[in-house]
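Everything below belongs to final38.tsv, which stores TSV, C-alpha atoms.
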chain	number	residue	atom	x	y	z
A	1	MET	CA	0.00	0.00	0.00
A	2	PRO	CA	1.44	3.39	-0.94
A	3	LYS	CA	2.67	5.65	1.82
A	4	VAL	CA	0.03	8.27	0.99
A	5	CYS	CA	-2.65	5.90	2.23
A	6	ASN	CA	-1.00	5.66	5.63
A	7	TRP	CA	-1.03	9.43	5.91
A	8	VAL	CA	-4.69	9.67	4.94
A	9	ILE	CA	-5.59	7.03	7.49
A	10	LEU	CA	-3.73	8.84	10.26
A	11	VAL	CA	-5.48	12.10	9.39
A	12	VAL	CA	-8.85	10.36	9.61
A	13	VAL	CA	-7.98	8.91	13.04
A	14	VAL	CA	-6.99	12.34	14.32
A	15	ALA	CA	-10.09	13.88	12.75
A	16	VAL	CA	-12.40	11.52	14.63
A	17	ALA	CA	-10.85	12.51	17.96
A	18	VAL	CA	-10.89	16.21	17.09
A	19	PHE	CA	-14.44	16.06	15.77
A	20	ALA	CA	-15.55	14.77	19.15
A	21	LEU	CA	-14.14	17.93	20.73
A	22	VAL	CA	-16.21	20.33	18.66
A	23	THR	CA	-19.55	18.61	19.33
A	24	PRO	CA	-21.98	20.45	21.63
A	25	GLU	CA	-20.84	18.45	24.66
A	26	GLY	CA	-17.56	20.32	24.52
A	27	THR	CA	-14.77	18.78	26.53
A	28	ASN	CA	-16.93	17.13	29.14
A	29	PHE	CA	-16.63	13.43	28.42
A	30	PRO	CA	-17.74	11.22	31.29
A	31	GLY	CA	-16.04	7.83	31.17
A	32	THR	CA	-18.26	4.93	30.19
A	33	ASP	CA	-17.58	3.26	33.53
A	34	THR	CA	-19.02	6.26	35.37
A	35	LEU	CA	-22.12	6.03	33.17
A	36	ALA	CA	-22.36	2.30	33.84
A	37	LYS	CA	-22.18	2.96	37.57
A	38	GLU	CA	-25.16	5.29	37.27
A	39	ALA	CA	-27.07	2.68	35.28
A	40	ILE	CA	-26.42	0.10	37.99
A	41	ASN	CA	-27.74	2.53	40.59
A	42	GLN	CA	-30.97	2.85	38.62
A	43	ILE	CA	-31.46	-0.88	38.21
A	44	ARG	CA	-30.39	-1.87	41.71
A	45	PRO	CA	-30.51	1.26	43.92
A	46	HIS	CA	-29.29	-0.59	47.01
A	47	TYR	CA	-26.25	-2.24	45.46
A	48	ARG	CA	-23.05	-1.33	47.25
A	49	PRO	CA	-19.64	-2.34	45.86
A	50	TRP	CA	-18.30	-5.08	48.12
A	51	PHE	CA	-14.67	-4.32	47.49
A	52	SER	CA	-12.88	-1.03	46.98
A	53	PRO	CA	-9.66	-0.37	45.06
A	54	VAL	CA	-6.58	-1.31	47.09
A	55	TRP	CA	-4.93	1.96	46.15
A	56	GLU	CA	-6.17	5.01	44.34
A	57	PRO	CA	-3.96	7.66	42.79
A	58	PRO	CA	-4.14	10.67	45.13
A	59	GLY	CA	-5.75	13.30	42.95
A	60	GLY	CA	-6.25	13.89	39.26
A	61	ALA	CA	-2.72	15.14	38.64
A	62	MET	CA	-1.18	11.92	39.92
A	63	GLU	CA	-3.61	9.87	37.87
A	64	SER	CA	-2.78	11.83	34.72
A	65	LEU	CA	0.91	11.31	35.43
A	66	LEU	CA	0.48	7.56	35.72
A	67	PHE	CA	-1.60	7.33	32.56
A	68	ALA	CA	0.89	9.50	30.67
A	69	LEU	CA	3.73	7.37	32.01
A	70	GLN	CA	2.02	4.21	30.84
A	71	ALA	CA	1.54	5.68	27.36
A	72	ALA	CA	5.09	7.03	27.25
A	73	LEU	CA	6.67	3.71	28.24
A	74	GLY	CA	4.71	1.86	25.61
A	75	ALA	CA	5.33	4.50	22.94
A	76	GLY	CA	9.04	4.48	23.77
A	77	PHE	CA	9.22	0.75	23.18
A	78	ILE	CA	7.28	1.02	19.92
A	79	GLY	CA	9.76	3.63	18.65
A	80	PHE	CA	12.65	1.48	19.81
A	81	TYR	CA	11.25	-1.56	18.00
A	82	PHE	CA	10.91	0.16	14.63
A	83	GLY	CA	14.42	1.55	15.05
A	84	TYR	CA	15.64	-1.98	15.79
A	85	LEU	CA	13.97	-3.30	12.64
A	86	TYR	CA	15.59	-0.60	10.57
A	87	GLY	CA	19.03	-1.24	12.04
A	88	ARG	CA	18.69	-4.95	11.43
A	89	ARG	CA	17.63	-4.47	7.86
A	90	ARG	CA	20.44	-2.05	7.17
A	91	ALA	CA	22.89	-4.57	8.63
A	92	GLY	CA	21.76	-6.86	5.85
A	93	HIS	CA	19.69	-9.61	7.42
A	94	GLY	CA	15.97	-9.91	7.98
A	95	GLY	CA	13.27	-7.75	6.52
A	96	ARG	CA	12.38	-8.20	2.88
A	97	SER	CA	14.92	-10.96	2.34
B	98	MET	CA	10.79	13.28	34.34
B	99	CYS	CA	8.96	16.16	32.75
B	100	GLY	CA	5.78	14.65	34.08
B	101	LEU	CA	7.28	14.70	37.56
B	102	THR	CA	8.18	18.38	37.42
B	103	TYR	CA	4.73	19.25	36.23
B	104	PHE	CA	3.26	17.25	39.03
B	105	VAL	CA	5.57	18.72	41.68
B	106	GLY	CA	4.64	22.15	40.40
B	107	GLY	CA	1.37	21.36	42.12
B	108	VAL	CA	-0.68	22.92	39.36
B	109	LYS	CA	-4.16	21.53	39.42
B	110	MET	CA	-5.21	21.10	35.86
B	111	LYS	CA	-8.72	20.04	35.16
B	112	THR	CA	-8.44	20.75	31.47
B	113	GLY	CA	-5.94	19.00	29.34
B	114	PHE	CA	-3.50	21.66	28.24
B	115	ARG	CA	-0.80	21.08	30.83
B	116	ARG	CA	-1.31	17.40	30.55
B	117	VAL	CA	-0.75	17.66	26.81
B	118	LEU	CA	2.45	19.62	27.38
B	119	GLY	CA	3.66	17.00	29.83
B	120	ALA	CA	2.78	14.19	27.48
B	121	VAL	CA	4.43	15.92	24.52
B	122	GLU	CA	7.63	16.41	26.47
B	123	MET	CA	7.68	12.87	27.77
B	124	CYS	CA	6.96	11.41	24.37
B	125	THR	CA	9.53	13.51	22.57
B	126	HIS	CA	12.09	12.61	25.21
B	127	SER	CA	11.55	8.92	24.80
B	128	LEU	CA	11.37	9.27	21.03
B	129	ALA	CA	14.52	11.37	20.87
B	130	GLY	CA	16.36	8.81	22.98
B	131	THR	CA	15.25	6.06	20.67
B	132	VAL	CA	16.21	7.92	17.54
B	133	MET	CA	19.69	8.64	18.78
B	134	ASN	CA	20.34	5.13	19.99
B	135	THR	CA	19.25	3.28	16.92
B	136	HIS	CA	19.84	5.69	14.03
B	137	MET	CA	16.29	5.47	12.84
B	138	PRO	CA	15.84	6.50	9.25
B	139	ARG	CA	13.72	9.42	8.21
B	140	VAL	CA	10.82	7.15	7.35
B	141	GLY	CA	11.00	5.52	10.78
B	142	VAL	CA	11.12	8.89	12.48
B	143	ARG	CA	8.16	10.02	10.45
B	144	ILE	CA	6.13	7.00	11.41
B	145	GLY	CA	7.15	7.47	15.03
B	146	LEU	CA	6.35	11.17	15.08
B	147	LEU	CA	2.99	10.61	13.45
B	148	MET	CA	2.10	8.04	16.03
B	149	MET	CA	3.09	10.42	18.77
B	150	MET	CA	0.86	13.07	17.24
B	151	VAL	CA	-2.07	10.72	17.13
B	152	LEU	CA	-1.44	9.66	20.70
B	153	ILE	CA	-1.16	13.23	21.93
B	154	PHE	CA	-4.35	14.34	20.21
B	155	VAL	CA	-6.03	11.43	21.70
B	156	ILE	CA	-4.81	11.90	25.28
B	157	TYR	CA	-6.00	15.49	25.32
B	158	PRO	CA	-9.36	15.74	27.04
B	159	ALA	CA	-9.40	12.51	29.03
B	160	PRO	CA	-11.40	12.89	32.25
B	161	THR	CA	-10.88	10.49	35.12
B	162	HIS	CA	-11.84	6.86	34.55
B	163	ALA	CA	-13.06	5.18	31.43
B	164	MET	CA	-14.30	1.65	30.99
B	165	HIS	CA	-13.91	-1.91	32.23
B	166	ILE	CA	-16.04	-3.09	35.11
B	167	MET	CA	-15.24	-1.13	38.24
B	168	GLU	CA	-13.82	-2.66	41.41
B	169	GLY	CA	-16.46	-4.34	43.53
B	170	PHE	CA	-19.21	-3.85	40.97
B	171	LEU	CA	-19.66	-7.51	40.14
B	172	PRO	CA	-21.25	-9.64	42.86
B	173	PRO	CA	-18.82	-12.30	44.24
B	174	VAL	CA	-20.54	-15.18	42.42
B	175	TRP	CA	-20.05	-13.52	39.05
B	176	SER	CA	-16.47	-12.53	39.88
B	177	LEU	CA	-15.68	-16.18	40.53
B	178	PHE	CA	-17.60	-17.35	37.48
B	179	TRP	CA	-15.71	-15.15	35.01
B	180	THR	CA	-12.38	-15.83	36.68
B	181	ALA	CA	-12.96	-19.57	36.39
B	182	LEU	CA	-13.89	-19.14	32.74
B	183	THR	CA	-10.73	-17.11	32.03
B	184	LEU	CA	-8.20	-19.37	33.78
B	185	PRO	CA	-8.02	-22.12	31.12
B	186	PHE	CA	-7.37	-19.51	28.41
B	187	LEU	CA	-4.65	-18.01	30.57
B	188	TYR	CA	-3.00	-21.40	30.99
B	189	LEU	CA	-3.16	-22.12	27.26
B	190	GLY	CA	-1.79	-18.64	26.60
B	191	PHE	CA	1.30	-19.21	28.75
B	192	GLN	CA	1.93	-22.50	26.98
B	193	ARG	CA	1.46	-20.91	23.61
B	194	ILE	CA	3.93	-18.12	24.39
B	195	ARG	CA	6.49	-20.62	25.66
B	196	ARG	CA	6.15	-22.70	22.52
B	197	THR	CA	6.31	-19.70	20.18
B	198	LEU	CA	9.47	-18.37	21.82
B	199	ALA	CA	11.08	-21.82	22.07
B	200	ALA	CA	10.56	-22.32	18.34
B	201	ASN	CA	11.76	-18.83	17.46
B	202	PRO	CA	13.49	-16.77	20.18
B	203	GLY	CA	13.85	-13.90	17.71
B	204	LEU	CA	10.13	-13.18	18.07
B	205	LYS	CA	10.61	-11.84	21.60
B	206	MET	CA	10.90	-8.28	20.33
B	207	LEU	CA	7.74	-8.55	18.23
B	208	LEU	CA	5.89	-9.94	21.25
B	209	GLY	CA	7.18	-6.94	23.20
B	210	LEU	CA	5.81	-4.65	20.51
B	211	VAL	CA	2.39	-6.27	20.72
B	212	GLY	CA	2.43	-5.84	24.50
B	213	ALA	CA	3.53	-2.22	24.15
B	214	PHE	CA	0.54	-1.51	21.92
B	215	VAL	CA	-1.92	-2.89	24.44
B	216	PHE	CA	-0.10	-0.86	27.09
B	217	VAL	CA	-0.25	2.42	25.16
B	218	LEU	CA	-3.75	2.04	23.78
B	219	SER	CA	-5.34	1.13	27.12
B	220	ALA	CA	-3.86	4.29	28.59
B	221	LEU	CA	-5.56	6.44	25.98
B	222	LYS	CA	-9.01	7.53	26.86
B	223	MET	CA	-10.34	8.91	23.62
B	224	PRO	CA	-13.34	11.19	23.48
B	225	SER	CA	-16.05	9.73	21.33
B	226	VAL	CA	-18.62	11.59	19.24
B	227	THR	CA	-21.35	10.33	21.54
B	228	GLY	CA	-20.14	12.64	24.30
B	229	SER	CA	-18.50	10.05	26.49
B	230	SER	CA	-15.03	8.61	26.53
B	231	SER	CA	-13.58	5.14	26.39
B	232	HIS	CA	-10.41	3.56	25.12
B	233	PRO	CA	-9.11	1.20	22.44
B	234	THR	CA	-7.93	-2.24	23.56
B	235	GLY	CA	-4.96	-2.92	21.29
B	236	VAL	CA	-5.42	-6.70	21.50
B	237	GLY	CA	-6.56	-7.17	17.90
B	238	LEU	CA	-3.13	-6.73	16.32
B	239	GLY	CA	-1.47	-9.16	18.72
B	240	ALA	CA	-4.16	-11.76	18.16
B	241	ILE	CA	-3.57	-11.61	14.41
B	242	LEU	CA	0.19	-12.01	14.86
B	243	PHE	CA	0.50	-14.42	17.79
B	244	GLY	CA	-2.89	-16.08	18.11
B	245	PRO	CA	-5.71	-15.25	20.54
B	246	MET	CA	-4.48	-17.05	23.69
B	247	THR	CA	-1.25	-15.07	23.75
B	248	MET	CA	-3.31	-11.93	24.17
B	249	THR	CA	-5.09	-13.36	27.22
B	250	VAL	CA	-1.75	-13.29	29.03
B	251	ILE	CA	-0.87	-9.78	27.86
B	252	GLY	CA	-4.40	-8.57	28.64
B	253	VAL	CA	-4.30	-9.83	32.22
B	254	ILE	CA	-0.91	-8.16	32.81
B	255	VAL	CA	-2.11	-4.77	31.58
B	256	LEU	CA	-5.43	-5.02	33.43
B	257	PHE	CA	-3.67	-5.99	36.64
B	258	PHE	CA	-1.35	-3.00	36.36
B	259	GLN	CA	-4.30	-0.69	35.77
B	260	ALA	CA	-6.31	-2.15	38.65
B	261	VAL	CA	-3.49	-1.83	41.18
B	262	LEU	CA	-1.85	1.44	40.17
B	263	LEU	CA	-4.67	3.39	38.56
B	264	ALA	CA	-7.83	2.14	40.30
B	265	HIS	CA	-9.09	1.49	36.78
B	266	GLY	CA	-11.01	-1.76	36.51
B	267	GLY	CA	-10.39	-3.84	39.62
B	268	LEU	CA	-8.95	-6.96	41.21
B	269	THR	CA	-12.36	-8.51	41.92
B	270	THR	CA	-13.41	-7.79	38.33
B	271	LEU	CA	-10.06	-8.82	36.82
B	272	GLY	CA	-11.44	-12.15	35.64
B	273	ALA	CA	-14.45	-10.62	33.92
B	274	ASN	CA	-12.43	-7.81	32.33
B	275	THR	CA	-9.77	-10.25	31.12
B	276	PHE	CA	-12.48	-12.44	29.63
B	277	SER	CA	-13.91	-9.56	27.57
B	278	MET	CA	-10.62	-7.92	26.56
B	279	GLY	CA	-8.25	-10.91	26.56
B	280	VAL	CA	-10.46	-13.79	25.43
B	281	VAL	CA	-13.50	-12.66	23.42
B	282	GLY	CA	-11.82	-9.73	21.62
B	283	PRO	CA	-8.71	-11.64	20.47
B	284	LEU	CA	-10.69	-14.75	19.50
B	285	LEU	CA	-12.95	-12.68	17.28
B	286	ALA	CA	-10.02	-10.76	15.75
B	287	TYR	CA	-8.20	-13.99	14.95
B	288	GLY	CA	-11.34	-15.56	13.50
B	289	ILE	CA	-12.20	-12.57	11.32
B	290	PHE	CA	-8.64	-12.22	10.03
B	291	LYS	CA	-8.48	-15.91	9.03
B	292	PHE	CA	-11.97	-15.77	7.54
B	293	CYS	CA	-11.15	-12.69	5.44
B	294	ARG	CA	-7.98	-14.34	4.19
B	295	GLY	CA	-9.94	-17.40	3.20
B	296	LEU	CA	-12.20	-15.18	1.11
B	297	ALA	CA	-9.18	-13.43	-0.44
B	298	VAL	CA	-10.32	-10.09	0.97
B	299	PRO	CA	-7.50	-7.49	0.70
B	300	GLN	CA	-5.19	-7.84	3.69
B	301	TRP	CA	-5.61	-4.29	4.97
B	302	LEU	CA	-9.39	-4.75	5.04
B	303	GLY	CA	-8.99	-8.01	6.93
B	304	VAL	CA	-6.81	-6.27	9.54
B	305	PHE	CA	-9.24	-3.38	9.83
B	306	LEU	CA	-12.32	-5.57	10.29
B	307	ALA	CA	-10.57	-7.90	12.73
B	308	VAL	CA	-9.31	-5.08	14.96
B	309	ALA	CA	-12.47	-2.96	14.82
B	310	PHE	CA	-14.81	-5.85	15.62
B	311	SER	CA	-12.58	-7.22	18.37
B	312	ASN	CA	-12.71	-3.80	20.02
B	313	LEU	CA	-16.51	-3.70	19.74
B	314	ALA	CA	-16.92	-7.27	20.92
B	315	THR	CA	-14.96	-6.49	24.07
B	316	TYR	CA	-17.51	-3.93	25.16
B	317	VAL	CA	-20.50	-5.92	24.04
B	318	THR	CA	-19.17	-8.63	26.34
B	319	THR	CA	-18.75	-6.13	29.16
B	320	SER	CA	-22.38	-5.08	28.69
B	321	LEU	CA	-23.49	-8.69	28.79
B	322	GLN	CA	-21.49	-9.35	31.96
B	323	LEU	CA	-23.10	-6.38	33.70
B	324	ALA	CA	-26.55	-7.33	32.42
B	325	LEU	CA	-26.24	-10.88	33.75
B	326	ALA	CA	-25.22	-9.55	37.15
B	327	PHE	CA	-27.82	-6.78	37.18
B	328	PRO	CA	-31.02	-7.89	35.42
B	329	ALA	CA	-33.59	-5.08	35.41
B	330	GLU	CA	-36.74	-5.57	37.51
B	331	PRO	CA	-39.10	-5.43	34.57
B	332	GLY	CA	-37.43	-6.74	31.42
B	333	GLY	CA	-34.71	-8.90	32.95
B	334	VAL	CA	-31.31	-9.51	31.39
B	335	VAL	CA	-32.31	-8.36	27.92
B	336	SER	CA	-33.46	-4.93	29.02
B	337	SER	CA	-30.33	-4.49	31.15
B	338	PHE	CA	-28.14	-5.62	28.28
B	339	LEU	CA	-29.64	-3.00	25.99
B	340	LYS	CA	-29.10	-0.35	28.65
B	341	PHE	CA	-25.45	-1.20	29.28
B	342	GLY	CA	-24.90	-1.89	25.60
B	343	GLY	CA	-26.14	1.60	24.84
B	344	ILE	CA	-23.51	3.01	27.17
B	345	PHE	CA	-20.51	0.94	26.15
B	346	ALA	CA	-21.01	-0.18	22.59
B	347	VAL	CA	-22.26	3.09	21.12
B	348	THR	CA	-19.38	5.10	22.57
B	349	GLN	CA	-17.13	2.39	21.27
B	350	ILE	CA	-18.10	2.42	17.58
B	351	PRO	CA	-16.07	5.51	16.55
B	352	LEU	CA	-13.18	4.30	18.69
B	353	ALA	CA	-13.33	0.84	17.14
B	354	ILE	CA	-13.03	2.44	13.69
B	355	SER	CA	-10.10	4.57	14.85
B	356	GLU	CA	-8.31	1.59	16.34
B	357	GLY	CA	-8.92	-0.46	13.22
B	358	LEU	CA	-7.47	2.26	10.98
B	359	LEU	CA	-4.48	2.82	13.27
B	360	MET	CA	-3.66	-0.88	13.25
B	361	VAL	CA	-3.77	-0.99	9.45
B	362	VAL	CA	-1.01	1.63	9.46
B	363	VAL	CA	1.00	-0.34	12.02
B	364	PHE	CA	0.48	-3.55	10.10
B	365	ASN	CA	1.68	-1.89	6.89
B	366	ALA	CA	4.79	-0.69	8.72
B	367	LEU	CA	5.46	-4.21	9.97
B	368	VAL	CA	5.04	-5.66	6.49
B	369	ALA	CA	7.44	-3.07	5.07
B	370	HIS	CA	10.11	-3.59	7.72
B	371	ASN	CA	9.67	-7.10	9.00
B	372	ALA	CA	8.16	-9.36	6.36
B	373	ARG	CA	10.41	-12.26	7.39
B	374	GLU	CA	9.02	-12.66	10.90
B	375	LEU	CA	5.46	-12.19	9.72
B	376	LYS	CA	6.07	-15.07	7.33
B	377	GLU	CA	7.44	-17.19	10.14
B	378	LEU	CA	4.25	-16.52	12.07
B	379	LYS	CA	2.32	-17.50	8.94
B	380	VAL	CA	0.63	-14.10	8.93
B	381	LEU	CA	2.01	-13.29	5.49
B	382	LEU	CA	1.60	-16.05	2.99
B	383	ARG	CA	4.02	-14.56	0.49
B	384	GLU	CA	6.50	-11.74	0.23
B	385	PRO	CA	4.76	-8.41	-0.37
B	386	GLY	CA	4.83	-7.65	-4.08
B	387	ARG	CA	6.47	-4.36	-4.89
Output the structure of this file as structure tokens.
Amino acid sequence: MPKVCNWVILVVVVAVAVFALVTPEGTNFPGTDTLAKEAINQIRPHYRPWFSPVWEPPGGAMESLLFALQAALGAGFIGFYFGYLYGRRRAGHGGRS
Amino acid sequence: MCGLTYFVGGVKMKTGFRRVLGAVEMCTHSLAGTVMNTHMPRVGVRIGLLMMMVLIFVIYPAPTHAMHIMEGFLPPVWSLFWTALTLPFLYLGFQRIRRTLAANPGLKMLLGLVGAFVFVLSALKMPSVTGSSSHPTGVGLGAILFGPMTMTVIGVIVLFFQAVLLAHGGLTTLGANTFSMGVVGPLLAYGIFKFCRGLAVPQWLGVFLAVAFSNLATYVTTSLQLALAFPAEPGGVVSSFLKFGGIFAVTQIPLAISEGLLMVVVFNALVAHNARELKELKVLLREPGR
């Protein structure tokens, strides 16, 4: 597949995320698990969770940090892997033999 | 490290701008390190940078929490039931990984890549056009490459990490969440990919359909799990299923399409750079024609 296609696809992916931001709801996006919690409360008003998280990130900033860290670690490895593939191919083995 | 300074700064940011800055800095740092260490070519850098851009756009407005069944929100009976159902898949997955790596130790890096994708994508809570947010699962690609059971193992690792460190999902719901994300999703992705290949559907379309439907199936399963545990007073399981399905699945459709498209790009990159290993995994039947 030509490289142009990859670019078009990436633009579409970004556009979907950006499009969501300009809808009337603005930037207020409740997580689906919060919505599910509300639904459970409607169906079974007296249900109480019988177990609570062993540890919760203290505050939104800490939570953002952990999520960003998780994404960064993964993204770092992905970049490393494609670099590794390139190096291996340039060294003359592997790839499109 | 940048993330740490912005945290220590003690700035409370409800909106995403600072978070984006932090994420941009962290990503560029890790990317820059990678580029310098491995002399990535321009094409590689471009792919990497583009991915970063997509990731950053996508991190932007994430509020707290997204999906998976919350800690303590499945009654004990159902927690045990789904855990029991997941365990055999987990066992088979460990065996499968051991066999794959014993036969071809060189695939360790590719397995790492597959894990990294699940890791990154489950951290990204994307806003959806329906006004709520959820995240991609990332298991579809791995299931195509390594088979569905392998992804059960990777899924349980990521979900455990998120339950313990992020209070996202939970330990009591780990079995149920692994079943939806690590068993049903990958099985469907694998099945669809094989089916499409049997019909000689273009490969990119096969990848897209497999990944998009595995993502959707994960949340349909989550809805079903919640509906079985919480049948509505009038209407029973079906009415509950429609209610939960409306929450999860509808939010998920645009995200499923995004994940499917993103994985087509990744798959193309793998075919361009690593056709040999894909052939060893019997994912590619022949060398890509150029």
Margin query: Calculated over all atoms listed in the file, which of the candidates B:Ile289, B:Val236, B:Ala220, B:Ala309 has the smallest distance to chain A?
Written below: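 Residue with the minimum atom-to-atom distance to chain A: B:Ala220.
What separates atom CA of B:Gly303 from atom CA of B:Glu377 is a distance of 19.1 Å.
Taking atom CA of A:Glu63 and atom CA of B:Phe216 as endpoints, the distance between them is 15.6 Å.
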Item checked: Between atom CA of B:Phe186 and atom CA of B:Arg294 - distance in Å to one decimal ->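 Between atom CA of B:Arg294 and atom CA of B:Phe186 the gap is 24.8 Å.
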Note to self: Please list as a PyMOL selection string every residue within 12 Å of stretch 189-199 of chain B, counting only C-alpha atoms and excluding residues in the same chain fewer than 2 positions away.
What the structure shows: chain B and resi 183-187+201-209+239-240+242-254+279-280+283+374+377-378
Note to self: Which residues are near stretch 339-346 of chain B? Cut-off 8 Å, all atoms listed in the file, ignore same chain within fewer than 5 positions. Put them as number ranges by chain.
What the structure shows: A: 32, 35-36, 39; B: 164, 313, 316-317, 319-321, 323-324
Next item on the list: Go through A:Lys37, A:Gly31, A:Pro45, A:Leu73 and flag the residue nearest chain B, using all atoms listed in the file for the distances.
Entry: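 For chain B, the nearest of the given residues is A:Gly31.
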Next item on the list: Could you give me, as a VMD selection string, the residues within 12 Å of A:Arg48, counting only C-alpha atoms and dropping anything in the same chain fewer than 6 positions from it?
Entry: (chain A and resid 37 40 to 41) or (chain B and resid 167 to 172)
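Comparing B:Leu352, B:Ile241, B:Leu263, B:Ala329 by their smallest distance to B:Val304, the closest is B:Ile241 (using all atoms listed in the file).
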Next item on the list: Please return, as number ranges by chain, all polymer residues that have at least one atom within 12 Å of the point (-12.7, 6.0, 5.0); use all atoms listed in the file and the file's own coordinate frame.
Entry: A: 5-6, 8-13, 15-16; B: 302, 305, 354-355, 357-358
